[in-house]
file protein_5.txt (compact mmCIF, C-alpha atoms)
# COMPACT_ATOMS: atom_id res chain seq x y z
CA MET A 1 0.00 0.00 0.00
CA THR A 2 1.38 3.39 -0.93
CA GLN A 3 2.67 5.44 1.99
CA ILE A 4 1.13 8.87 2.50
CA PHE A 5 4.58 10.43 2.63
CA ASN A 6 6.18 11.15 -0.74
CA GLY A 7 4.62 8.14 -2.45
CA ARG A 8 7.10 5.72 -0.92
CA HIS A 9 6.16 2.07 -0.33
CA THR A 10 6.45 -0.04 2.80
CA ALA A 11 8.15 -3.41 2.85
CA TYR A 12 5.57 -5.02 5.11
CA ILE A 13 3.26 -7.33 3.18
CA PHE A 14 0.40 -6.98 5.69
CA TYR A 15 -0.20 -3.41 4.45
CA GLN A 16 -1.56 -4.69 1.15
CA CYS A 17 -5.10 -3.56 0.33
CA HIS A 18 -6.43 -7.10 -0.10
CA GLN A 19 -6.00 -7.86 3.62
CA PRO A 20 -9.45 -7.94 5.34
CA TYR A 21 -8.40 -5.89 8.39
CA ILE A 22 -6.87 -3.00 6.46
CA CYS A 23 -10.07 -0.92 6.55
CA ASN A 24 -10.40 -1.19 10.33
CA PRO A 25 -7.81 0.86 12.25
CA PHE A 26 -8.35 -1.08 15.49
CA LEU A 27 -7.92 -4.52 13.86
CA PHE A 28 -4.95 -3.15 11.93
CA PHE A 29 -3.41 -1.99 15.21
CA ILE A 30 -4.00 -5.30 17.02
CA LYS A 31 -2.89 -7.37 14.03
CA SER A 32 0.38 -5.47 13.72
CA ILE A 33 1.16 -6.23 17.36
CA THR A 34 0.28 -9.92 17.19
CA MET A 35 2.42 -10.36 14.06
CA HIS A 36 5.46 -9.03 15.96
CA HIS A 37 6.02 -6.32 13.40
CA TRP A 38 5.31 -3.41 15.76
CA ILE A 39 8.97 -2.61 16.49
CA GLN A 40 9.97 -2.86 12.83
CA LEU A 41 6.96 -0.76 11.86
CA PHE A 42 7.82 1.92 14.41
CA ILE A 43 11.45 2.14 13.26
CA GLU A 44 10.40 2.28 9.61
CA GLN A 45 7.76 4.93 10.23
CA VAL A 46 10.11 7.08 12.33
CA ARG A 47 12.53 7.00 9.41
CA LEU A 48 9.75 8.08 7.05
CA THR A 49 8.38 10.79 9.35
CA THR A 50 8.38 14.16 7.62
CA PRO A 51 9.97 17.30 9.14
CA TRP A 52 6.48 18.82 9.38
CA GLU A 53 5.25 15.94 11.51
CA TRP A 54 8.33 16.13 13.75
CA ALA A 55 7.78 19.88 14.19
CA ALA A 56 4.10 19.42 15.11
CA VAL A 57 4.91 16.68 17.62
CA LEU A 58 7.76 18.59 19.29
CA LEU A 59 5.63 21.72 19.57
CA GLY A 60 2.81 19.62 21.02
CA VAL A 61 5.11 18.21 23.70
CA ALA A 62 6.41 21.72 24.42
CA GLU A 63 2.84 23.00 24.81
CA VAL A 64 1.99 20.32 27.37
CA LEU A 65 5.16 20.93 29.38
CA LEU A 66 4.63 24.71 29.30
CA ALA A 67 1.02 24.24 30.39
CA LYS A 68 2.20 22.14 33.34
CA ALA A 69 4.59 24.97 34.25
CA ASN A 70 1.72 27.48 33.86
CA ASN A 71 3.78 29.43 31.30
CA ILE A 72 2.09 31.76 28.79
CA TRP A 73 4.38 30.48 26.01
CA LEU A 74 2.21 27.37 25.91
CA TYR A 75 -0.17 29.28 23.61
CA PRO A 76 2.36 30.31 20.92
CA ALA A 77 3.73 26.75 20.95
CA GLY A 78 0.22 25.33 20.67
CA ILE A 79 -0.78 27.71 17.88
CA ALA A 80 2.30 26.93 15.80
CA GLY A 81 1.97 23.17 16.39
CA THR A 82 -1.73 23.18 15.54
CA PHE A 83 -1.19 25.07 12.27
CA ILE A 84 1.34 22.43 11.20
CA GLY A 85 -0.85 19.60 12.52
CA ILE A 86 -3.81 20.72 10.40
CA TYR A 87 -1.65 20.49 7.26
CA VAL A 88 -0.29 17.03 8.19
CA LEU A 89 -3.76 15.65 9.03
CA LEU A 90 -5.26 17.01 5.81
CA MET A 91 -2.52 15.29 3.82
CA ALA A 92 -3.35 12.04 5.67
CA GLY A 93 -7.06 12.36 4.82
CA LEU A 94 -8.18 12.83 8.45
CA TYR A 95 -10.61 15.64 7.73
CA ALA A 96 -12.57 15.56 11.01
CA GLU A 97 -9.31 15.58 12.95
CA SER A 98 -8.25 18.61 10.91
CA ALA A 99 -11.51 20.38 11.74
CA LEU A 100 -10.96 19.51 15.40
CA ASN A 101 -7.54 21.13 15.24
CA ILE A 102 -9.08 24.30 13.81
CA TYR A 103 -11.21 24.41 16.97
CA TYR A 104 -8.05 23.91 19.07
CA LEU A 105 -6.47 26.78 17.15
CA VAL A 106 -9.37 29.13 17.89
CA MET A 107 -9.32 28.12 21.57
CA SER A 108 -5.57 28.72 21.75
CA PHE A 109 -5.99 32.28 20.47
CA TYR A 110 -8.87 32.77 22.92
CA GLY A 111 -6.77 31.37 25.79
CA LEU A 112 -3.85 33.64 24.95
CA ILE A 113 -6.06 36.76 24.88
CA HIS A 114 -7.88 35.66 28.05
CA TRP A 115 -4.56 35.08 29.83
CA ILE A 116 -3.24 38.52 28.91
CA ARG A 117 -6.44 40.37 29.85
CA ARG A 118 -7.34 38.49 33.04
CA GLN A 119 -4.05 37.17 34.33
CA ASP A 120 -4.75 38.36 37.88
CA SER A 121 -8.36 37.15 38.03
CA PRO A 122 -9.20 34.05 40.10
CA PRO A 123 -9.61 30.86 38.00
CA VAL A 124 -12.95 29.13 37.56
CA LYS A 125 -13.27 26.39 40.17
CA ILE A 126 -13.17 22.71 39.24
CA SER A 127 -16.49 20.87 39.63
CA TRP A 128 -18.44 17.78 38.57
CA SER A 129 -20.84 18.09 35.66
CA THR A 130 -24.53 18.64 36.33
CA ARG A 131 -27.22 16.47 34.73
CA ARG A 132 -27.89 19.25 32.22
CA GLU A 133 -24.19 19.41 31.30
CA TRP A 134 -24.10 15.63 30.89
CA ARG A 135 -27.08 15.79 28.53
CA ILE A 136 -25.31 18.46 26.47
CA THR A 137 -22.14 16.37 26.49
CA LEU A 138 -23.96 13.30 25.17
CA VAL A 139 -25.62 15.40 22.45
CA ILE A 140 -22.21 16.72 21.38
CA VAL A 141 -20.78 13.19 21.30
CA PHE A 142 -23.53 11.31 19.47
CA ALA A 143 -25.09 14.06 17.34
CA GLY A 144 -21.60 15.24 16.44
CA TRP A 145 -20.58 11.69 15.57
CA VAL A 146 -23.51 11.22 13.18
CA ILE A 147 -23.17 14.67 11.57
CA LEU A 148 -19.41 14.38 11.10
CA TYR A 149 -19.78 10.84 9.73
CA LEU A 150 -22.33 11.94 7.14
CA LEU A 151 -20.19 14.90 6.11
CA LEU A 152 -17.06 12.76 5.81
CA LYS A 153 -18.90 9.95 4.03
CA ASN A 154 -20.61 12.15 1.45
CA PHE A 155 -18.29 15.10 0.92
CA THR A 156 -14.73 13.83 1.44
CA THR A 157 -12.49 10.99 0.28
CA SER A 158 -12.00 9.67 3.85
CA ASN A 159 -11.72 5.88 4.09
CA VAL A 160 -12.29 5.91 7.87
CA PRO A 161 -15.27 8.30 8.27
CA LEU A 162 -16.92 6.46 11.18
CA TRP A 163 -13.68 6.21 13.19
CA ASP A 164 -12.50 9.74 12.40
CA ALA A 165 -15.89 11.19 13.32
CA TRP A 166 -15.96 9.36 16.67
CA VAL A 167 -12.47 10.54 17.66
CA SER A 168 -13.42 14.13 16.87
CA SER A 169 -16.89 14.18 18.46
CA THR A 170 -15.62 12.81 21.79
CA ALA A 171 -12.75 15.30 21.75
CA TRP A 172 -15.18 18.18 21.04
CA ALA A 173 -17.23 17.12 24.07
CA GLY A 174 -14.10 16.84 26.21
CA MET A 175 -12.94 20.31 25.18
CA TRP A 176 -16.36 21.76 26.01
CA LEU A 177 -16.16 20.27 29.51
CA LEU A 178 -12.55 21.44 29.87
CA ALA A 179 -13.55 25.02 29.06
CA ARG A 180 -16.13 24.79 31.88
CA ARG A 181 -13.56 23.24 34.25
CA LYS A 182 -15.53 20.01 34.62
CA ILE A 183 -13.55 17.05 35.91
CA GLU A 184 -15.16 14.63 33.44
CA ASN A 185 -13.36 16.38 30.58
CA TRP A 186 -10.40 14.06 31.13
CA ILE A 187 -12.61 11.00 30.63
CA LEU A 188 -13.98 12.25 27.30
CA LEU A 189 -10.55 13.38 26.09
CA ASN A 190 -9.06 9.99 26.90
CA ILE A 191 -11.87 8.15 25.12
CA SER A 192 -10.90 10.23 22.09
CA ASN A 193 -7.18 9.54 22.63
CA LEU A 194 -7.79 5.81 23.03
CA PHE A 195 -9.42 5.57 19.60
CA ALA A 196 -7.06 8.09 18.00
CA ILE A 197 -3.91 6.04 18.68
CA PRO A 198 -4.77 3.09 16.36
CA LEU A 199 -6.34 5.50 13.85
CA LEU A 200 -3.11 7.48 13.56
CA CYS A 201 -1.07 4.27 13.33
CA TYR A 202 -3.35 3.12 10.52
CA LYS A 203 -2.65 6.39 8.71
CA HIS A 204 1.10 5.89 9.30
CA LEU A 205 1.33 8.98 11.51
CA ILE A 206 3.43 7.12 14.06
CA MET A 207 4.83 10.18 15.84
CA PHE A 208 1.35 11.69 16.10
CA SER A 209 0.27 8.38 17.60
CA ALA A 210 3.14 8.53 20.10
CA LEU A 211 2.18 12.10 21.00
CA THR A 212 -1.43 10.99 21.54
CA LEU A 213 -0.23 8.19 23.83
CA PHE A 214 1.72 10.83 25.77
CA LEU A 215 -1.44 12.97 26.00
CA PHE A 216 -3.40 9.90 27.12
CA ILE A 217 -1.01 9.47 30.05
CA VAL A 218 -1.15 13.19 30.86
CA ALA A 219 -4.97 13.11 30.83
CA PHE A 220 -5.00 10.02 33.08
CA PHE A 221 -2.97 11.81 35.74
CA GLY A 222 -4.83 15.05 35.03
CA PHE A 223 -8.08 13.43 36.16
CA PHE A 224 -6.63 12.41 39.53
CA SER A 225 -4.86 15.75 39.91
CA TRP A 226 -8.13 17.63 39.40
CA LEU A 227 -9.89 15.20 41.73
CA ALA A 228 -7.37 16.01 44.47
CA ILE A 229 -7.80 19.75 43.85
CA LEU A 230 -11.59 19.39 44.02
CA LYS A 231 -11.40 17.52 47.32
CA LYS A 232 -9.03 20.14 48.72
CA GLU A 233 -11.34 22.98 47.66
CA LYS A 234 -14.35 21.24 49.24
CA MET A 235 -12.41 20.71 52.47
CA THR A 236 -11.40 24.38 52.52
CA GLU A 237 -15.02 25.45 52.00
CA VAL A 238 -16.15 23.24 54.89
CA GLN A 239 -13.44 24.63 57.19
CA GLU A 240 -14.36 28.22 56.24
CA ALA A 241 -18.05 27.47 56.93
CA ILE A 242 -17.17 26.06 60.38
CA LEU A 243 -15.11 29.17 61.19
CA ILE A 244 -17.96 31.48 60.17
CA THR A 245 -20.44 29.62 62.36

call {"tool": "encode", "arguments": {"input": "protein_5.txt", "output": "structure tokens"}}
result
Amino acid sequence: MTQIFNGRHTAYIFYQCHQPYICNPFLFFIKSITMHHWIQLFIEQVRLTTPWEWAAVLLGVAEVLLAKANNIWLYPAGIAGTFIGIYVLLMAGLYAESALNIYYLVMSFYGLIHWIRRQDSPPVKISWSTRREWRITLVIVFAGWVILYLLLKNFTTSNVPLWDAWVSSTAWAGMWLLARRKIENWILLNISNLFAIPLLCYKHLIMFSALTLFLFIVAFFGFFSWLAILKKEKMTEVQEAILIT
């Protein structure tokens, strides 16, 4: 099967289009592991990784590390990495993922402006989602999935419309919850990450897949970090209430 980078071909025979699992990213991912070709595949794909993909991945890692350090430069790094990522994903035929990155781009500009204007303002407190917010979240996930699938199926050349749409709709929902500082955002984002990893491997975007695995780990610990913060805030509120009474 022709590689997406520069028309080069892979040496692995299980990439051929006649294989029954080639149209399913998850089966492709599992099959590659069980055939003991994962290490060889990774080495080959790293060698074939384009400079643009390397740049997007490195900027993505920088953004996460800067965010952890609460440094404003996370936004310029994120903006630059997202611009490059949109181009790489479009070339790979992941149109919903590209649209998702446009949303990330807009939110990065918004975050940068918000940071500059309200740097000294108290942050919005972390909380659990209400029933109403959960209903909205489920609408974003499932309605978004159907709408994106139909758009990809009928108006693009995507060969993974169902998978691509699911990854994007769950990420959209996660980002909506993140903007509202809801702890469940990490769950939705990691559902998206979990499905994105084999999808990106299937599209031979190995370094993007590795970055997504890194983000999966960050989100896993992010959930427990926010949970600890939430418990601490609740404890502080209780102590303040006792002092007042």

call {"tool": "atom_distance", "arguments": {"input": "protein_5.txt", "atom1": "atom CA of Ile126 of chain A", "atom2": "atom CA of Met175 of chain A"}}
result
14.3 Å

call {"tool": "atom_distance", "arguments": {"input": "protein_5.txt", "atom1": "atom CA of Arg131 of chain A", "atom2": "atom CA of Leu178 of chain A"}}
result
16.2 Å

call {"tool": "atom_distance", "arguments": {"input": "protein_5.txt", "atom1": "atom CA of Val146 of chain A", "atom2": "atom CA of Met207 of chain A"}}
result
28.5 Å

call {"tool": "closest_residue", "arguments": {"input": "protein_5.txt", "among": "A:Ala55, A:Ala171, A:Leu243, A:Leu148", "to": "Ile187 of chain A", "atoms": "all atoms listed in the file"}}
result
A:Ala171

call {"tool": "closest_residue", "arguments": {"input": "protein_5.txt", "among": "A:Met107, A:Leu162, A:Ile229, A:Leu194", "to": "Phe214 of chain A", "atoms": "all atoms listed in the file"}}
result
A:Leu194

call {"tool": "residues_around", "arguments": {"input": "protein_5.txt", "residues": "Glu63 of chain A", "least_positions_apart": "4", "cutoff": "9 Å", "atoms": "only C-alpha atoms", "output": "count of residues only"}}
result
11

call {"tool": "residues_around", "arguments": {"input": "protein_5.txt", "residues": "Trp128 of chain A", "least_positions_apart": "3", "cutoff": "7 Å", "atoms": "all atoms listed in the file", "output": "short mmCIF file (atom, residue, chain, number, x, y, z; two decimals) with C-alpha atoms, in the coordinates of the input"}}
result
data_model
loop_
_atom_site.label_atom_id
_atom_site.label_comp_id
_atom_site.auth_asym_id
_atom_site.auth_seq_id
_atom_site.Cartn_x
_atom_site.Cartn_y
_atom_site.Cartn_z
CA LYS A 182 -15.53 20.01 34.62
CA ILE A 183 -13.55 17.05 35.91
CA GLU A 184 -15.16 14.63 33.44
#

call {"tool": "closest_residue", "arguments": {"input": "protein_5.txt", "among": "A:Thr82, A:Ser192, A:Ser169, A:Asn101", "to": "Val139 of chain A", "atoms": "only C-alpha atoms"}}
result
A:Ser169

call {"tool": "residues_near_point", "arguments": {"input": "protein_5.txt", "point": "(-24.0, 16.2, 19.0)", "cutoff": "12 Å", "atoms": "only C-alpha atoms", "output": "JSON, numbers by chain"}}
result
{"A": [134, 135, 136, 137, 138, 139, 140, 141, 142, 143, 144, 145, 146, 147, 148, 149, 165, 166, 168, 169, 170, 171, 172, 173, 176]}

call {"tool": "closest_residue", "arguments": {"input": "protein_5.txt", "among": "A:Ala56, A:Ile72, A:Val64, A:Ala219", "to": "Ile113 of chain A", "atoms": "all atoms listed in the file"}}
result
A:Ile72

call {"tool": "closest_residue", "arguments": {"input": "protein_5.txt", "among": "A:Ser127, A:Ser209, A:Thr49, A:Asn185", "to": "Lys234 of chain A", "atoms": "only C-alpha atoms"}}
result
A:Ser127

call {"tool": "closest_residue", "arguments": {"input": "protein_5.txt", "among": "A:Ala92, A:Leu215, A:Leu48, A:Cys201", "to": "Ala62 of chain A", "atoms": "all atoms listed in the file"}}
result
A:Leu215

call {"tool": "residues_around", "arguments": {"input": "protein_5.txt", "residues": "Val46 of chain A", "least_positions_apart": "2", "cutoff": "12 Å", "atoms": "only C-alpha atoms", "output": "ChimeraX atom specification"}}
result
/A:5,39-44,48-51,53-54,201,204-210

call {"tool": "write_last_selection", "arguments": {"input": "protein_5.txt", "atoms": "C-alpha atoms", "output": "PDB file, in the frame of the given file"}}
result
ATOM      1  CA  PHE A   5       4.580  10.430   2.630  1.00  0.00           C
ATOM      2  CA  ILE A  39       8.970  -2.610  16.490  1.00  0.00           C
ATOM      3  CA  GLN A  40       9.970  -2.860  12.830  1.00  0.00           C
ATOM      4  CA  LEU A  41       6.960  -0.760  11.860  1.00  0.00           C
ATOM      5  CA  PHE A  42       7.820   1.920  14.410  1.00  0.00           C
ATOM      6  CA  ILE A  43      11.450   2.140  13.260  1.00  0.00           C
ATOM      7  CA  GLU A  44      10.400   2.280   9.610  1.00  0.00           C
ATOM      8  CA  LEU A  48       9.750   8.080   7.050  1.00  0.00           C
ATOM      9  CA  THR A  49       8.380  10.790   9.350  1.00  0.00           C
ATOM     10  CA  THR A  50       8.380  14.160   7.620  1.00  0.00           C
ATOM     11  CA  PRO A  51       9.970  17.300   9.140  1.00  0.00           C
ATOM     12  CA  GLU A  53       5.250  15.940  11.510  1.00  0.00           C
ATOM     13  CA  TRP A  54       8.330  16.130  13.750  1.00  0.00           C
ATOM     14  CA  CYS A 201      -1.070   4.270  13.330  1.00  0.00           C
ATOM     15  CA  HIS A 204       1.100   5.890   9.300  1.00  0.00           C
ATOM     16  CA  LEU A 205       1.330   8.980  11.510  1.00  0.00           C
ATOM     17  CA  ILE A 206       3.430   7.120  14.060  1.00  0.00           C
ATOM     18  CA  MET A 207       4.830  10.180  15.840  1.00  0.00           C
ATOM     19  CA  PHE A 208       1.350  11.690  16.100  1.00  0.00           C
ATOM     20  CA  SER A 209       0.270   8.380  17.600  1.00  0.00           C
ATOM     21  CA  ALA A 210       3.140   8.530  20.100  1.00  0.00           C
TER      22      ALA A 210
END
